[in-house]
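Just below is one structure, and these are the notes that go with it.
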Amino acid sequence: MAHSGASAAADMDAIYRYQRCIYDASRKYYLLGRDRLLDELAPPPGGSVLEVACGTGRNLVSAARCYPGARLYGFDISAAMLDTARASIARRGLDDRIALCLGDATDFSGDRAFQVAAFDRVFISYALSMIPLWRAALRQALGALKPGGRLHIVDFGAQGGLPRWFRSGLNAWLARFSVEPRAELQAELAALAALPGYEVRCEQLYRGYAVYAVVTRVAAA
Ligand SMILES: C[S@@+](CC[C@H](N)C(=O)[O-])C[C@H]1O[C@@H](n2cnc3c(N)ncnc32)[C@H](O)[C@@H]1O
């Protein structure tokens with residue numbers, strides 16, 4: 001599997017070319033925790049929200065409805081997924097609220113893509129597990145935060161509380177879609193929490209099926 005750039009884009013297009021047609025209907029049963037993330041985003045009035053790897057735009061549409069004053073942005077490496085997102089957003093009459101573009105999470109600039117230097121909220125939902133250079137994507141997302149801003153992450157978890165047979169079945173099935181739960185995500189976030197300027201809250205959901213984390217970039221006093 002490729003790491004980034006054109007071949008990563010081609011890989012994602014190949015995975016989602018047909019899957020995107022059933023993506024929203026099927027993923028609601030197993031991409032757990034996304035609605036909790038959206039509930040907790042709570043951007044300030046008029047605030048800016050960026051979704052990294054927005055896929056079909058399902059989360060951006062929900063966020064636009066929950067937070068009518070917010071300005072929403074999303075990008076994805078797959079042109080096929082973005083086509084679906086654009087159509088879905090237009091169908092709901094939200095194209096003036098949500099800006100989209102093609103982009104790689106490991107090499108992204110809000111300024112370049114949207115002429116927005118930094119965001120009040122950034123979120124990454126079930127994408128770090130598909131990005132081989134996920135630590136680079138995490139750094140880029142943190143770099144896109146305004147002081148006082150928050151990064152919300154939800155993804156497949158470390159599965160510690162799940163039976164072994166379930167874990168091996170789940171991981172074998174996820175691997176077919178190039179999905180690899182990031183067992184070291186919690187440790188990476190703990191290291192981040194030790195640095196000045198960041199506060200981190202991280203919890204395992206559903207016996208470790210999913211992990212949910214919120215990183216706050218503390219505003220200077
Ligand atoms: C499982 S989907 C999640 C989509 C959406 N965030 C959600 O919660 O439904 C993963 C998405 O990550 C995208 N992706 C994978 N690697 C990426 C990268 N390096 N940069 C940006 N997007 C990427 C894929 O194209 C796909 O749309």
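FYI, nothing fancy with the structure tokens labels: chains A, B, ... in order, residues from 1 per chain, ligands from 1 as they appear.
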
- request: Throw together the list of residues within 7 Å of ligand 1, counting only C-alpha atoms and all ligand atoms, and drop it here as a list in words.
  value: Ser4, Ala8, Met12, Asp13, Arg34, Val52, Ala53, Cys54, Gly55, Thr56, Gly57, Arg58, Asn59, Phe75, Asp76, Ile77, Ser78, Met81, Gly103, Asp104, Ala105, Thr106, Ile124, Ser125, Tyr126, Ala127, Met130 and Ile131 of chain A

- request: Can you pull out every residue within 7 Å of segment 183-197 of chain A, counting only C-alpha atoms, but drop anything in the same chain fewer than 6 positions away, and send it as a PyMOL selection string?
  value: chain A and resi 157-158+217-218

Taking all heavy atoms for each residue, export the selection above as a PDB file, in the first residue's frame.
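Writing done, so here's out_9.pdb:
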ATOM      1  N   GLY A 157     -10.310   1.404  17.919  1.00  0.00           N
ATOM      2  CA  GLY A 157      -9.495   1.460  19.125  1.00  0.00           C
ATOM      3  C   GLY A 157      -8.560   0.269  19.271  1.00  0.00           C
ATOM      4  O   GLY A 157      -8.402  -0.551  18.349  1.00  0.00           O
ATOM      5  N   ALA A 158      -7.984   0.173  20.466  1.00  0.00           N
ATOM      6  CA  ALA A 158      -6.999  -0.879  20.734  1.00  0.00           C
ATOM      7  C   ALA A 158      -7.683  -2.220  21.039  1.00  0.00           C
ATOM      8  O   ALA A 158      -7.011  -3.247  21.158  1.00  0.00           O
ATOM      9  CB  ALA A 158      -6.103  -0.463  21.888  1.00  0.00           C
ATOM     10  N   ARG A 217      -5.589  22.897  22.059  1.00  0.00           N
ATOM     11  CA  ARG A 217      -4.390  23.743  21.991  1.00  0.00           C
ATOM     12  C   ARG A 217      -4.631  24.919  22.936  1.00  0.00           C
ATOM     13  O   ARG A 217      -5.459  25.794  22.652  1.00  0.00           O
ATOM     14  CB  ARG A 217      -4.159  24.242  20.561  1.00  0.00           C
ATOM     15  CG  ARG A 217      -2.921  25.080  20.472  1.00  0.00           C
ATOM     16  CD  ARG A 217      -2.617  25.580  19.082  1.00  0.00           C
ATOM     17  NE  ARG A 217      -1.609  26.621  19.176  1.00  0.00           N
ATOM     18  CZ  ARG A 217      -1.317  27.480  18.227  1.00  0.00           C
ATOM     19  NH1 ARG A 217      -1.942  27.421  17.068  1.00  0.00           N
ATOM     20  NH2 ARG A 217      -0.401  28.404  18.421  1.00  0.00           N
ATOM     21  N   VAL A 218      -3.947  24.880  24.056  1.00  0.00           N
ATOM     22  CA  VAL A 218      -4.232  25.855  25.111  1.00  0.00           C
ATOM     23  C   VAL A 218      -3.824  27.249  24.642  1.00  0.00           C
ATOM     24  O   VAL A 218      -2.727  27.432  24.095  1.00  0.00           O
ATOM     25  CB  VAL A 218      -3.460  25.471  26.399  1.00  0.00           C
ATOM     26  CG1 VAL A 218      -3.735  26.456  27.512  1.00  0.00           C
ATOM     27  CG2 VAL A 218      -3.817  24.058  26.817  1.00  0.00           C
TER      28      VAL A 218
END

Segment 14-191 of chain A: residues DSSP assigns to strand (DSSP E), reported as a ChimeraX atom specification: /A:48-52,71-76,98-102,119-125,145-156

message: Quick check, in Å to one decimal: how far apart do atom CA of Asp83 of chain A and atom CA of Asp11 of chain A lie?
response: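 Spanning atom CA of Asp83 of chain A to atom CA of Asp11 of chain A is a straight-line distance of 16.0 Å.
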
Atomic distance atom CA of Leu50 of chain A - atom CA of Ser109 of chain A, expressed in Å with one decimal: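 Atom CA of Ser109 of chain A lies 11.4 Å from atom CA of Leu50 of chain A.
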
- prompt: With only C-alpha atoms as the basis for distance, which of A:Val116, A:Val122, A:Tyr30, A:Val61 is at the shortest distance from Ser88 of chain A?
  reply: A:Val61

- prompt: Of the candidates A:Glu40, A:Glu180, A:Asp95, A:Asp155, which one gets nearest to Leu133 of chain A if we count only C-alpha atoms?
  reply: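 For Leu133 of chain A, the nearest of the given residues is A:Glu180.
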
message: Would you compute the distance between atom CA of Ala80 of chain A and atom CA of Arg20 of chain A? Give it in Å to one decimal.
response: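 Separation of atom CA of Ala80 of chain A and atom CA of Arg20 of chain A: 7.8 Å.
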
Residue contacts of Asp39 of chain A (12 Å, only C-alpha atoms) excluding same-chain residues fewer than 5 positions away, as a VMD selection string: chain A and resid 33 to 34 59 62 to 67 152

Filtering to C-alpha atoms, could you give me those residues as a PDB file, in the first residue's frame?
ATOM      1  CA  GLY A  33     -18.661   7.299  18.022  1.00  0.00           C
ATOM      2  CA  ARG A  34     -18.962   9.699  15.098  1.00  0.00           C
ATOM      3  CA  ASN A  59     -20.131  14.310   9.055  1.00  0.00           C
ATOM      4  CA  SER A  62     -24.499  16.740  10.203  1.00  0.00           C
ATOM      5  CA  ALA A  63     -22.201  19.449  11.564  1.00  0.00           C
ATOM      6  CA  ALA A  64     -23.781  22.053   9.263  1.00  0.00           C
ATOM      7  CA  ARG A  65     -27.203  21.141  10.659  1.00  0.00           C
ATOM      8  CA  CYS A  66     -26.063  21.078  14.310  1.00  0.00           C
ATOM      9  CA  TYR A  67     -24.090  24.321  14.115  1.00  0.00           C
ATOM     10  CA  HIS A 152     -11.361  15.733  17.925  1.00  0.00           C
TER      11      HIS A 152
END

Name the residues in contact with Gly208 of chain A at a cut-off of 10 Å, using only C-alpha atoms, excluding same-chain residues fewer than 2 positions from it; report them as an mmCIF file with C-alpha atoms, in the first residue's frame.
data_model
loop_
_atom_site.group_PDB
_atom_site.id
_atom_site.type_symbol
_atom_site.label_atom_id
_atom_site.label_comp_id
_atom_site.auth_asym_id
_atom_site.auth_seq_id
_atom_site.Cartn_x
_atom_site.Cartn_y
_atom_site.Cartn_z
ATOM 1 C CA PHE A 156 -10.940 2.080 15.671
ATOM 2 C CA GLY A 157 -9.495 1.460 19.125
ATOM 3 C CA ALA A 158 -6.999 -0.879 20.734
ATOM 4 C CA GLN A 159 -9.812 -3.474 21.323
ATOM 5 C CA GLY A 160 -8.444 -4.433 24.775
ATOM 6 C CA GLY A 161 -11.857 -5.347 26.217
ATOM 7 C CA LEU A 162 -13.022 -7.425 23.265
ATOM 8 C CA GLU A 203 -11.119 7.314 26.128
ATOM 9 C CA GLN A 204 -11.812 3.873 24.775
ATOM 10 C CA LEU A 205 -15.440 3.361 23.715
ATOM 11 C CA TYR A 206 -17.362 0.092 23.498
ATOM 12 C CA ALA A 210 -13.298 2.702 19.194
ATOM 13 C CA VAL A 211 -11.061 5.396 20.609
ATOM 14 C CA TYR A 212 -12.199 8.976 21.093
#

- prompt: Looking at A:Ala79, A:Arg182, A:Leu145, A:Ala172, which one is nearest to Ala6 of chain A, with distances taken over only C-alpha atoms?
  reply: A:Ala79

- request: Enumerate, as a ChimeraX atom specification, the complete set of residues in segment 9-216 of chain A that a backbone-based DSSP assignment places in alpha helix (DSSP H).
  value: /A:9-19,23-27,34-41,58-66,79-91,110-114,134-143,164-175,185-193

- prompt: Which is closer to Arg167 of chain A than all the others in A:Tyr23, A:Phe108, A:Tyr209, A:Phe123, using only C-alpha atoms?
  reply: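 For Arg167 of chain A, the nearest of the given residues is A:Tyr209.
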
query: Looking at only C-alpha atoms, which of A:Gly47, A:Ala137, A:Lys146, A:Ala85 is the one that sits closest to Ala220 of chain A?
result: A:Lys146
